[in-house]
>>> print(open('structure-v5.pdb').read())   # PDB, C-alpha atoms
ATOM      1  CA  MET A   1      24.157   7.151  -3.790
ATOM      2  CA  GLN A   2      24.590  10.487  -2.031
ATOM      3  CA  ALA A   3      23.675  10.790   1.616
ATOM      4  CA  ASP A   4      20.242  12.220   2.374
ATOM      5  CA  THR A   5      20.711  15.685   3.862
ATOM      6  CA  SER A   6      17.032  16.673   4.010
ATOM      7  CA  PRO A   7      15.620  18.091   7.290
ATOM      8  CA  SER A   8      13.804  14.794   7.932
ATOM      9  CA  ALA A   9      16.821  12.538   7.241
ATOM     10  CA  HIS A  10      17.659  11.947  10.910
ATOM     11  CA  LEU A  11      14.025  10.937  11.583
ATOM     12  CA  HIS A  12      14.274   8.092   9.037
ATOM     13  CA  GLU A  13      17.714   6.999  10.226
ATOM     14  CA  HIS A  14      18.183   3.372  11.341
ATOM     15  CA  ARG A  15      20.757   2.944  14.109
ATOM     16  CA  ASP A  16      22.372  -0.072  15.770
ATOM     17  CA  GLY A  17      19.710  -2.538  16.863
ATOM     18  CA  ASP A  18      17.104  -1.197  14.421
ATOM     19  CA  ALA A  19      15.829  -3.019  11.351
ATOM     20  CA  HIS A  20      18.235  -3.401   8.444
ATOM     21  CA  TYR A  21      15.513  -2.547   5.927
ATOM     22  CA  GLN A  22      15.936   1.021   4.633
ATOM     23  CA  HIS A  23      12.558   1.574   2.833
ATOM     24  CA  TYR A  24      14.103   1.868  -0.618
ATOM     25  CA  THR A  25      15.859  -0.452  -3.078
ATOM     26  CA  VAL A  26      19.091   1.146  -4.278
ATOM     27  CA  GLN A  27      20.550  -2.207  -5.350
ATOM     28  CA  ARG A  28      18.097  -2.960  -8.152
ATOM     29  CA  SER A  29      19.137  -2.513 -11.751
ATOM     30  CA  GLN A  30      16.672  -1.324 -14.383
ATOM     31  CA  SER A  31      18.718  -2.543 -17.366
ATOM     32  CA  VAL A  32      16.760  -5.803 -17.781
ATOM     33  CA  LEU A  33      13.407  -4.019 -17.805
ATOM     34  CA  ALA A  34      14.742  -1.304 -20.121
ATOM     35  CA  TRP A  35      16.006  -3.808 -22.719
ATOM     36  CA  SER A  36      12.798  -5.851 -22.398
ATOM     37  CA  LEU A  37      10.744  -2.709 -23.010
ATOM     38  CA  ALA A  38      12.734  -1.809 -26.137
ATOM     39  CA  LEU A  39      12.375  -5.299 -27.657
ATOM     40  CA  THR A  40       8.693  -5.575 -26.793
ATOM     41  CA  LEU A  41       7.769  -2.152 -28.120
ATOM     42  CA  GLY A  42       9.677  -2.719 -31.355
ATOM     43  CA  PHE A  43       8.052  -6.062 -32.123
ATOM     44  CA  ALA A  44       4.616  -4.860 -30.995
ATOM     45  CA  VAL A  45       4.601  -2.446 -33.936
ATOM     46  CA  VAL A  46       5.437  -5.303 -36.325
ATOM     47  CA  GLU A  47       2.707  -7.551 -34.945
ATOM     48  CA  VAL A  48       0.023  -4.871 -34.915
ATOM     49  CA  VAL A  49       0.589  -4.131 -38.623
ATOM     50  CA  THR A  50       0.894  -7.740 -39.805
ATOM     51  CA  GLY A  51      -1.916  -8.905 -37.520
ATOM     52  CA  PHE A  52      -4.458  -6.662 -39.216
ATOM     53  CA  MET A  53      -2.975  -7.310 -42.657
ATOM     54  CA  SER A  54      -3.333 -11.093 -42.229
ATOM     55  CA  ASN A  55      -6.731 -10.764 -40.450
ATOM     56  CA  SER A  56      -5.661 -13.306 -37.812
ATOM     57  CA  LEU A  57      -7.295 -13.019 -34.394
ATOM     58  CA  ALA A  58      -4.545 -15.188 -32.892
ATOM     59  CA  LEU A  59      -1.928 -12.776 -34.216
ATOM     60  CA  ILE A  60      -3.995  -9.684 -33.357
ATOM     61  CA  SER A  61      -4.504 -10.932 -29.797
ATOM     62  CA  ASP A  62      -0.781 -11.593 -29.506
ATOM     63  CA  ALA A  63      -0.099  -8.128 -30.951
ATOM     64  CA  GLY A  64      -2.488  -6.573 -28.451
ATOM     65  CA  HIS A  65      -0.784  -8.461 -25.672
ATOM     66  CA  MET A  66       2.610  -7.208 -26.844
ATOM     67  CA  VAL A  67       1.351  -3.613 -26.796
ATOM     68  CA  THR A  68       0.018  -4.228 -23.301
ATOM     69  CA  ASP A  69       3.366  -5.746 -22.357
ATOM     70  CA  ALA A  70       5.182  -2.642 -23.548
ATOM     71  CA  ALA A  71       2.983  -0.496 -21.308
ATOM     72  CA  ALA A  72       3.365  -2.979 -18.443
ATOM     73  CA  LEU A  73       7.153  -3.054 -18.746
ATOM     74  CA  GLY A  74       7.252   0.738 -18.955
ATOM     75  CA  LEU A  75       5.129   0.961 -15.819
ATOM     76  CA  ALA A  76       7.308  -1.639 -14.095
ATOM     77  CA  LEU A  77      10.448   0.293 -15.018
ATOM     78  CA  LEU A  78       8.945   3.545 -13.739
ATOM     79  CA  ALA A  79       7.873   1.824 -10.511
ATOM     80  CA  GLN A  80      11.386   0.504  -9.862
ATOM     81  CA  ILE A  81      12.842   3.962 -10.427
ATOM     82  CA  ILE A  82      10.312   5.452  -8.002
ATOM     83  CA  ALA A  83      10.970   2.675  -5.453
ATOM     84  CA  LYS A  84      14.649   3.700  -5.298
ATOM     85  CA  ARG A  85      13.739   7.094  -3.860
ATOM     86  CA  PRO A  86      14.471   7.356  -0.125
ATOM     87  CA  PRO A  87      11.776   8.266   2.437
ATOM     88  CA  SER A  88      10.799  11.903   2.673
ATOM     89  CA  ALA A  89       8.941  14.177   5.081
ATOM     90  CA  ARG A  90       5.686  13.409   3.226
ATOM     91  CA  HIS A  91       6.372   9.714   2.496
ATOM     92  CA  SER A  92       7.967   8.304   5.634
ATOM     93  CA  PHE A  93       7.634   4.673   4.461
ATOM     94  CA  GLY A  94       9.390   5.384   1.173
ATOM     95  CA  PHE A  95       8.021   4.390  -2.242
ATOM     96  CA  GLY A  96       8.293   0.577  -2.180
ATOM     97  CA  ARG A  97       4.554   0.181  -2.754
ATOM     98  CA  ALA A  98       4.933   1.651  -6.253
ATOM     99  CA  GLU A  99       6.021  -1.783  -7.483
ATOM    100  CA  ALA A 100       2.919  -3.520  -6.113
ATOM    101  CA  LEU A 101       0.709  -0.774  -7.531
ATOM    102  CA  ALA A 102       2.270  -1.254 -10.970
ATOM    103  CA  ALA A 103       1.716  -5.025 -10.764
ATOM    104  CA  PHE A 104      -1.929  -4.454  -9.767
ATOM    105  CA  VAL A 105      -2.585  -2.037 -12.649
ATOM    106  CA  ASN A 106      -0.857  -4.355 -15.140
ATOM    107  CA  SER A 107      -3.067  -7.237 -14.018
ATOM    108  CA  LEU A 108      -6.259  -5.199 -14.446
ATOM    109  CA  VAL A 109      -5.232  -4.262 -17.991
ATOM    110  CA  LEU A 110      -4.554  -7.923 -18.773
ATOM    111  CA  LEU A 111      -8.050  -8.841 -17.573
ATOM    112  CA  LEU A 112      -9.505  -6.331 -20.028
ATOM    113  CA  LEU A 113      -7.377  -7.844 -22.808
ATOM    114  CA  VAL A 114      -8.612 -11.353 -21.961
ATOM    115  CA  GLY A 115     -12.202 -10.092 -22.139
ATOM    116  CA  TRP A 116     -11.645  -8.552 -25.574
ATOM    117  CA  ILE A 117      -9.969 -11.707 -26.963
ATOM    118  CA  THR A 118     -12.821 -13.870 -25.661
ATOM    119  CA  TYR A 119     -15.457 -11.618 -27.228
ATOM    120  CA  GLU A 120     -13.720 -11.591 -30.611
ATOM    121  CA  ALA A 121     -13.130 -15.360 -30.557
ATOM    122  CA  ILE A 122     -16.792 -16.135 -29.875
ATOM    123  CA  SER A 123     -17.814 -13.818 -32.724
ATOM    124  CA  ARG A 124     -15.477 -15.593 -35.140
ATOM    125  CA  PHE A 125     -16.846 -19.028 -34.277
ATOM    126  CA  THR A 126     -20.192 -17.985 -35.718
ATOM    127  CA  HIS A 127     -18.791 -15.790 -38.487
ATOM    128  CA  PRO A 128     -15.400 -17.218 -39.609
ATOM    129  CA  GLU A 129     -13.093 -14.772 -41.359
ATOM    130  CA  GLN A 130     -10.402 -15.430 -43.957
ATOM    131  CA  VAL A 131      -6.909 -15.577 -42.428
ATOM    132  CA  HIS A 132      -3.536 -15.476 -44.250
ATOM    133  CA  GLY A 133      -1.844 -18.481 -42.671
ATOM    134  CA  ALA A 134       1.653 -18.012 -44.131
ATOM    135  CA  THR A 135       1.996 -14.449 -42.844
ATOM    136  CA  VAL A 136       0.741 -15.491 -39.419
ATOM    137  CA  PHE A 137       3.258 -18.363 -39.264
ATOM    138  CA  VAL A 138       6.305 -16.237 -40.145
ATOM    139  CA  VAL A 139       5.474 -13.369 -37.772
ATOM    140  CA  ALA A 140       4.511 -15.750 -34.945
ATOM    141  CA  ALA A 141       7.826 -17.616 -35.309
ATOM    142  CA  LEU A 142       9.729 -14.342 -34.976
ATOM    143  CA  GLY A 143       7.566 -13.386 -32.002
ATOM    144  CA  LEU A 144       8.278 -16.716 -30.329
ATOM    145  CA  VAL A 145      12.036 -16.130 -30.527
ATOM    146  CA  ILE A 146      11.727 -12.603 -29.112
ATOM    147  CA  ASN A 147       9.469 -13.724 -26.270
ATOM    148  CA  LEU A 148      11.867 -16.531 -25.343
ATOM    149  CA  VAL A 149      14.658 -13.956 -25.106
ATOM    150  CA  LEU A 150      12.474 -11.650 -22.995
ATOM    151  CA  ALA A 151      11.417 -14.460 -20.644
ATOM    152  CA  TRP A 152      15.067 -15.486 -20.185
ATOM    153  CA  MET A 153      16.111 -11.901 -19.436
ATOM    154  CA  LEU A 154      13.337 -11.297 -16.891
ATOM    155  CA  SER A 155      13.842 -14.662 -15.160
ATOM    156  CA  ARG A 156      17.489 -13.752 -14.526
ATOM    157  CA  GLY A 157      16.685 -10.282 -13.183
ATOM    158  CA  ASP A 158      15.653  -9.184  -9.676
ATOM    159  CA  SER A 159      12.904 -11.338  -8.170
ATOM    160  CA  ASN A 160      10.098  -9.093  -6.937
ATOM    161  CA  MET A 161       6.354  -8.728  -7.400
ATOM    162  CA  ASN A 162       6.737  -6.153 -10.129
ATOM    163  CA  THR A 163       9.181  -8.213 -12.206
ATOM    164  CA  ARG A 164       7.042 -11.341 -11.741
ATOM    165  CA  ALA A 165       4.024  -9.439 -13.087
ATOM    166  CA  ALA A 166       6.075  -8.402 -16.131
ATOM    167  CA  LEU A 167       7.263 -11.998 -16.556
ATOM    168  CA  VAL A 168       3.647 -13.240 -16.461
ATOM    169  CA  ASN A 169       2.855 -10.828 -19.290
ATOM    170  CA  VAL A 170       5.797 -12.073 -21.353
ATOM    171  CA  LEU A 171       4.934 -15.739 -20.730
ATOM    172  CA  GLY A 172       1.409 -14.963 -21.884
ATOM    173  CA  ASP A 173       2.928 -13.474 -25.036
ATOM    174  CA  LEU A 174       5.064 -16.571 -25.499
ATOM    175  CA  LEU A 175       1.955 -18.751 -25.344
ATOM    176  CA  GLY A 176       0.241 -16.370 -27.749
ATOM    177  CA  SER A 177       3.112 -16.734 -30.206
ATOM    178  CA  VAL A 178       2.911 -20.529 -29.995
ATOM    179  CA  ALA A 179      -0.854 -20.408 -30.576
ATOM    180  CA  ALA A 180      -0.446 -18.041 -33.523
ATOM    181  CA  LEU A 181       2.298 -20.291 -34.946
ATOM    182  CA  VAL A 182       0.061 -23.369 -34.775
ATOM    183  CA  SER A 183      -2.889 -21.390 -36.099
ATOM    184  CA  GLY A 184      -0.925 -20.169 -39.113
ATOM    185  CA  ALA A 185       0.341 -23.662 -39.930
ATOM    186  CA  VAL A 186      -3.107 -25.316 -39.635
ATOM    187  CA  ILE A 187      -4.801 -22.638 -41.743
ATOM    188  CA  TYR A 188      -2.066 -22.754 -44.405
ATOM    189  CA  TYR A 189      -2.181 -26.545 -44.805
ATOM    190  CA  THR A 190      -5.878 -27.311 -44.107
ATOM    191  CA  GLY A 191      -7.818 -24.060 -44.498
ATOM    192  CA  TRP A 192      -9.663 -24.667 -41.177
ATOM    193  CA  MET A 193     -10.313 -21.094 -40.000
ATOM    194  CA  GLN A 194     -11.893 -22.035 -36.658
ATOM    195  CA  ILE A 195      -8.481 -22.976 -35.270
ATOM    196  CA  ASP A 196      -7.683 -19.253 -35.020
ATOM    197  CA  PRO A 197     -10.374 -18.268 -32.447
ATOM    198  CA  LEU A 198     -10.081 -21.668 -30.726
ATOM    199  CA  LEU A 199      -6.401 -21.201 -29.905
ATOM    200  CA  SER A 200      -7.033 -17.573 -28.967
ATOM    201  CA  LEU A 201      -9.493 -18.721 -26.291
ATOM    202  CA  PHE A 202      -6.977 -21.269 -25.005
ATOM    203  CA  VAL A 203      -4.287 -18.602 -24.640
ATOM    204  CA  ALA A 204      -6.782 -16.232 -22.984
ATOM    205  CA  LEU A 205      -7.545 -18.849 -20.324
ATOM    206  CA  LEU A 206      -3.849 -19.424 -19.617
ATOM    207  CA  ILE A 207      -3.228 -15.677 -19.348
ATOM    208  CA  LEU A 208      -6.232 -15.363 -17.018
ATOM    209  CA  LYS A 209      -4.894 -18.047 -14.665
ATOM    210  CA  SER A 210      -1.503 -16.344 -14.292
ATOM    211  CA  THR A 211      -2.985 -12.858 -14.057
ATOM    212  CA  VAL A 212      -5.356 -13.746 -11.239
ATOM    213  CA  GLY A 213      -2.409 -14.957  -9.129
ATOM    214  CA  VAL A 214      -0.470 -11.695  -9.535
ATOM    215  CA  LEU A 215      -3.648  -9.657  -9.016
ATOM    216  CA  ARG A 216      -4.434 -11.488  -5.773
ATOM    217  CA  GLU A 217      -0.878 -11.059  -4.468
ATOM    218  CA  SER A 218      -0.648  -7.340  -5.288
ATOM    219  CA  TYR A 219      -4.157  -6.649  -3.924
ATOM    220  CA  HIS A 220      -3.334  -8.442  -0.669
ATOM    221  CA  PHE A 221      -0.189  -6.348  -0.297
ATOM    222  CA  LEU A 222      -1.856  -3.028  -1.125
ATOM    223  CA  MET A 223      -4.574  -3.770   1.435
ATOM    224  CA  GLY A 224      -1.953  -4.276   4.152
ATOM    225  CA  GLY A 225      -2.603  -8.004   4.495
ATOM    226  CA  VAL A 226      -0.471 -10.320   6.617
ATOM    227  CA  PRO A 227       2.377 -11.678   4.420
ATOM    228  CA  GLU A 228       1.582 -15.131   3.011
ATOM    229  CA  GLN A 229       4.626 -16.747   4.637
ATOM    230  CA  ILE A 230       3.700 -15.516   8.148
ATOM    231  CA  ASP A 231       1.148 -17.121  10.487
ATOM    232  CA  TYR A 232      -0.395 -14.194  12.380
ATOM    233  CA  VAL A 233      -1.864 -16.335  15.170
ATOM    234  CA  LYS A 234       1.413 -18.204  15.685
ATOM    235  CA  VAL A 235       3.321 -14.907  15.931
ATOM    236  CA  GLY A 236       1.030 -13.822  18.779
ATOM    237  CA  ALA A 237       1.314 -17.186  20.512
ATOM    238  CA  ASP A 238       5.124 -17.205  20.242
ATOM    239  CA  LEU A 239       5.288 -13.712  21.750
ATOM    240  CA  GLU A 240       3.102 -14.669  24.713
ATOM    241  CA  ARG A 241       5.272 -17.726  25.410
ATOM    242  CA  LEU A 242       8.363 -15.607  26.087
ATOM    243  CA  ASP A 243       9.387 -15.135  29.714
ATOM    244  CA  GLY A 244       8.126 -11.926  31.285
ATOM    245  CA  ILE A 245       5.246 -11.400  28.823
ATOM    246  CA  CYS A 246       1.671 -11.721  30.101
ATOM    247  CA  SER A 247      -0.231 -10.908  26.922
ATOM    248  CA  VAL A 248      -0.083  -9.207  23.542
ATOM    249  CA  HIS A 249      -2.757  -7.007  21.969
ATOM    250  CA  ASP A 250      -3.275  -4.502  19.140
ATOM    251  CA  LEU A 251      -0.907  -6.638  17.072
ATOM    252  CA  HIS A 252      -0.465  -5.864  13.356
ATOM    253  CA  VAL A 253       1.762  -7.574  10.787
ATOM    254  CA  TRP A 254       2.099  -6.420   7.179
ATOM    255  CA  ASP A 255       4.611  -5.874   4.375
ATOM    256  CA  MET A 256       6.064  -2.359   4.254
ATOM    257  CA  SER A 257       7.182  -3.193   0.724
ATOM    258  CA  PRO A 258       7.153  -6.624  -0.978
ATOM    259  CA  GLY A 259       9.282  -9.054   1.035
ATOM    260  CA  GLN A 260       9.863  -6.665   3.957
ATOM    261  CA  PRO A 261       7.493  -7.586   6.835
ATOM    262  CA  ALA A 262       6.895  -5.253   9.761
ATOM    263  CA  LEU A 263       5.190  -5.667  13.133
ATOM    264  CA  ILE A 264       3.658  -3.286  15.673
ATOM    265  CA  GLY A 265       1.779  -4.046  18.879
ATOM    266  CA  HIS A 266       1.361  -3.663  22.609
ATOM    267  CA  VAL A 267       3.050  -6.051  25.037
ATOM    268  CA  GLU A 268       1.950  -6.444  28.655
ATOM    269  CA  ILE A 269       4.876  -7.434  30.889
ATOM    270  CA  THR A 270       5.331  -8.154  34.577
ATOM    271  CA  ASP A 271       8.067  -5.604  35.245
ATOM    272  CA  LEU A 272       9.135  -2.628  33.116
ATOM    273  CA  ALA A 273      12.655  -2.917  34.533
ATOM    274  CA  HIS A 274      13.052  -6.154  32.538
ATOM    275  CA  TRP A 275      11.861  -4.595  29.266
ATOM    276  CA  PRO A 276      15.318  -4.255  27.591
ATOM    277  CA  ASP A 277      16.004  -7.979  28.023
ATOM    278  CA  ILE A 278      12.467  -8.933  26.950
ATOM    279  CA  LEU A 279      12.712  -6.747  23.844
ATOM    280  CA  HIS A 280      16.037  -8.340  22.941
ATOM    281  CA  ASN A 281      14.432 -11.808  23.173
ATOM    282  CA  ILE A 282      11.435 -10.653  21.131
ATOM    283  CA  LYS A 283      13.626  -9.351  18.307
ATOM    284  CA  ALA A 284      15.695 -12.518  18.200
ATOM    285  CA  MET A 285      12.624 -14.769  18.166
ATOM    286  CA  LEU A 286      10.686 -12.829  15.523
ATOM    287  CA  LEU A 287      13.674 -12.690  13.182
ATOM    288  CA  GLU A 288      14.605 -16.354  13.617
ATOM    289  CA  LYS A 289      11.120 -17.907  13.535
ATOM    290  CA  HIS A 290       9.152 -15.515  11.332
ATOM    291  CA  GLY A 291      11.678 -13.432   9.399
ATOM    292  CA  ILE A 292      10.341 -10.163  10.840
ATOM    293  CA  ASP A 293      13.040  -7.520  11.243
ATOM    294  CA  HIS A 294      11.111  -4.233  11.431
ATOM    295  CA  ILE A 295       9.509  -4.190  14.921
ATOM    296  CA  THR A 296       7.797  -1.464  16.951
ATOM    297  CA  LEU A 297       6.359  -2.500  20.319
ATOM    298  CA  GLN A 298       4.907  -0.609  23.255
ATOM    299  CA  ALA A 299       5.518  -2.106  26.692
ATOM    300  CA  GLU A 300       2.791  -1.885  29.353
ATOM    301  CA  VAL A 301       2.597  -3.100  32.938
ATOM    302  CA  ALA A 302       0.191  -5.995  33.157
ATOM    303  CA  ALA A 303      -2.767  -5.744  35.530
ATOM    304  CA  ARG A 304      -1.781  -9.163  36.831
ATOM    305  CA  ALA A 305       1.376 -11.204  36.461
ATOM    306  CA  LYS A 306       1.397 -14.203  34.167
ATOM    307  CA  PRO A 307       1.046 -17.462  36.182
TER     308      PRO A 307
END
>>> encode(input="structure-v5.pdb", output="structure tokens")
Amino acid sequence: MQADTSPSAHLHEHRDGDAHYQHYTVQRSQSVLAWSLALTLGFAVVEVVTGFMSNSLALISDAGHMVTDAAALGLALLAQIIAKRPPSARHSFGFGRAEALAAFVNSLVLLLLVGWITYEAISRFTHPEQVHGATVFVVAALGLVINLVLAWMLSRGDSNMNTRAALVNVLGDLLGSVAALVSGAVIYYTGWMQIDPLLSLFVALLILKSTVGVLRESYHFLMGGVPEQIDYVKVGADLERLDGICSVHDLHVWDMSPGQPALIGHVEITDLAHWPDILHNIKAMLLEKHGIDHITLQAEVAARAKP
């Protein structure tokens, strides 16, 4: 990657002793998401057509989920491309939040899909519709193979919030393919049409459970919440236990981008002459105990020395 020669480049520069995090993710490869998108989009077309031809809600719901997956993977791919852009004069933190935003939007779309599947399933319990079981079985079997390949590809790719959201979508599709497979077999051999909406509801509940987890995680990040792995109160207590520190206030801890925690605050110390040594101890402690590398602290002379 070429060096940033923009007028603001030196303002974003990290020097010796600063955090190692650079606000962008040049190391991530988009090949996994790109191949996943191509496979998903291709099979989505097949499922949409055959789903309506066979009149199977299980297959239609799986087809709808595949279409949603294609959009989700496309959004995830776009977010990773955006996240690789370095900080600029107008975006000093970089574009790492694009991945969390994509995960949040994907989760909202999945919630809408779950609502539609539930509505259709309830309608079909009272008014069963004829379903072509053999067609459903063949297409669902093909879908199951494709979704297994997609899940394997995504599980071996970069682990981040955005990829996990895409993986949740694909796992939901995998469950949908299994449900459609069972539905097609039961209808073909027994003629019991209610199995179709019943399994659709089961898949919808499983998708809902996974979606809520990703939605909660991405929402917490976008709202600047304290990272799940960090105990905010303990961070403050550990800081105040260091020699030379009387108290800590205006303390904030959040993720600058997923997996990259940052901390800012005010530290009251007994003697400003000792600040370089105190800051060195603070950095070492926060990195070792809490995994926080990006630190900005303001030293202040305490009104009274710590006992």
>>> residues_around(input="structure-v5.pdb", residues="range 296-301 of chain A", least_positions_apart="3", cutoff="8 Å", atoms="all atoms listed in the file", output="mmCIF file with C-alpha atoms, in the frame of the given file")
data_model
loop_
_atom_site.group_PDB
_atom_site.id
_atom_site.type_symbol
_atom_site.label_atom_id
_atom_site.label_comp_id
_atom_site.auth_asym_id
_atom_site.auth_seq_id
_atom_site.Cartn_x
_atom_site.Cartn_y
_atom_site.Cartn_z
ATOM 1 C CA LEU A 263 5.190 -5.667 13.133
ATOM 2 C CA ILE A 264 3.658 -3.286 15.673
ATOM 3 C CA GLY A 265 1.779 -4.046 18.879
ATOM 4 C CA HIS A 266 1.361 -3.663 22.609
ATOM 5 C CA VAL A 267 3.050 -6.051 25.037
ATOM 6 C CA GLU A 268 1.950 -6.444 28.655
ATOM 7 C CA ILE A 269 4.876 -7.434 30.889
ATOM 8 C CA THR A 270 5.331 -8.154 34.577
ATOM 9 C CA ASP A 271 8.067 -5.604 35.245
ATOM 10 C CA LEU A 272 9.135 -2.628 33.116
ATOM 11 C CA TRP A 275 11.861 -4.595 29.266
#
>>> resolve_selection(input="structure-v5.pdb", expression="the PyMOL selection byres ((chain A and resi 223) around 12)", output="list in words")
Arg97, Ala100, Leu101, Phe104, Arg216, Glu217, Ser218, Tyr219, His220, Phe221, Leu222, Gly224, Gly225, Val226, Pro227, Val253, Trp254, Asp255, Met256 and Ser257 of chain A
>>> closest_residue(input="structure-v5.pdb", among="A:Leu251, A:Ile146, A:Ile245, A:Leu112", to="Ile282 in chain A", atoms="all atoms listed in the file")
A:Ile245
>>> resolve_selection(input="structure-v5.pdb", expression="the PyMOL selection byres ((chain A and resi 198-213) around 9)", output="number ranges by chain")
A: 57-59, 61-62, 106-108, 110-111, 113-115, 117-118, 121-122, 125, 165, 168-169, 171-173, 175-176, 179-180, 182-183, 194-197, 214-218
>>> atom_distance(input="structure-v5.pdb", atom1="CA of Ala38 in chain A", atom2="CA of Ala70 in chain A")
8.0 Å
>>> closest_residue(input="structure-v5.pdb", among="A:Val48, A:Ala262, A:Ile292, A:Met285", to="Arg241 in chain A", atoms="only C-alpha atoms")
A:Met285
>>> atom_distance(input="structure-v5.pdb", atom1="CA of Gln80 in chain A", atom2="CA of Gln229 in chain A")
23.5 Å
>>> closest_residue(input="structure-v5.pdb", among="A:Ala302, A:Pro276, A:Asp238, A:Val248", to="His290 in chain A", atoms="all atoms listed in the file")
A:Asp238
>>> closest_residue(input="structure-v5.pdb", among="A:Ala134, A:Val149, A:Val109, A:Met53", to="Thr40 in chain A", atoms="only C-alpha atoms")
A:Val149
>>> closest_residue(input="structure-v5.pdb", among="A:Asp231, A:His252, A:Asp69, A:Gly74", to="His294 in chain A", atoms="only C-alpha atoms")
A:His252
>>> closest_residue(input="structure-v5.pdb", among="A:Trp192, A:Asp243, A:Glu120, A:Gly259", to="Glu99 in chain A", atoms="all atoms listed in the file")
A:Gly259
>>> atom_distance(input="structure-v5.pdb", atom1="CA of Ile295 in chain A", atom2="CA of Pro261 in chain A")
9.0 Å
>>> residues_around(input="structure-v5.pdb", residues="Met153 in chain A", least_positions_apart="2", cutoff="9 Å", atoms="all atoms listed in the file", output="JSON list (two decimals) with C-alpha atoms, in the coordinates of the input")
[["chain", "number", "residue", "atom", "x", "y", "z"],
["A", 32, "VAL", "CA", 16.76, -5.80, -17.78],
["A", 33, "LEU", "CA", 13.41, -4.02, -17.80],
["A", 35, "TRP", "CA", 16.01, -3.81, -22.72],
["A", 36, "SER", "CA", 12.80, -5.85, -22.40],
["A", 148, "LEU", "CA", 11.87, -16.53, -25.34],
["A", 149, "VAL", "CA", 14.66, -13.96, -25.11],
["A", 150, "LEU", "CA", 12.47, -11.65, -23.00],
["A", 151, "ALA", "CA", 11.42, -14.46, -20.64],
["A", 155, "SER", "CA", 13.84, -14.66, -15.16],
["A", 156, "ARG", "CA", 17.49, -13.75, -14.53],
["A", 157, "GLY", "CA", 16.68, -10.28, -13.18]]
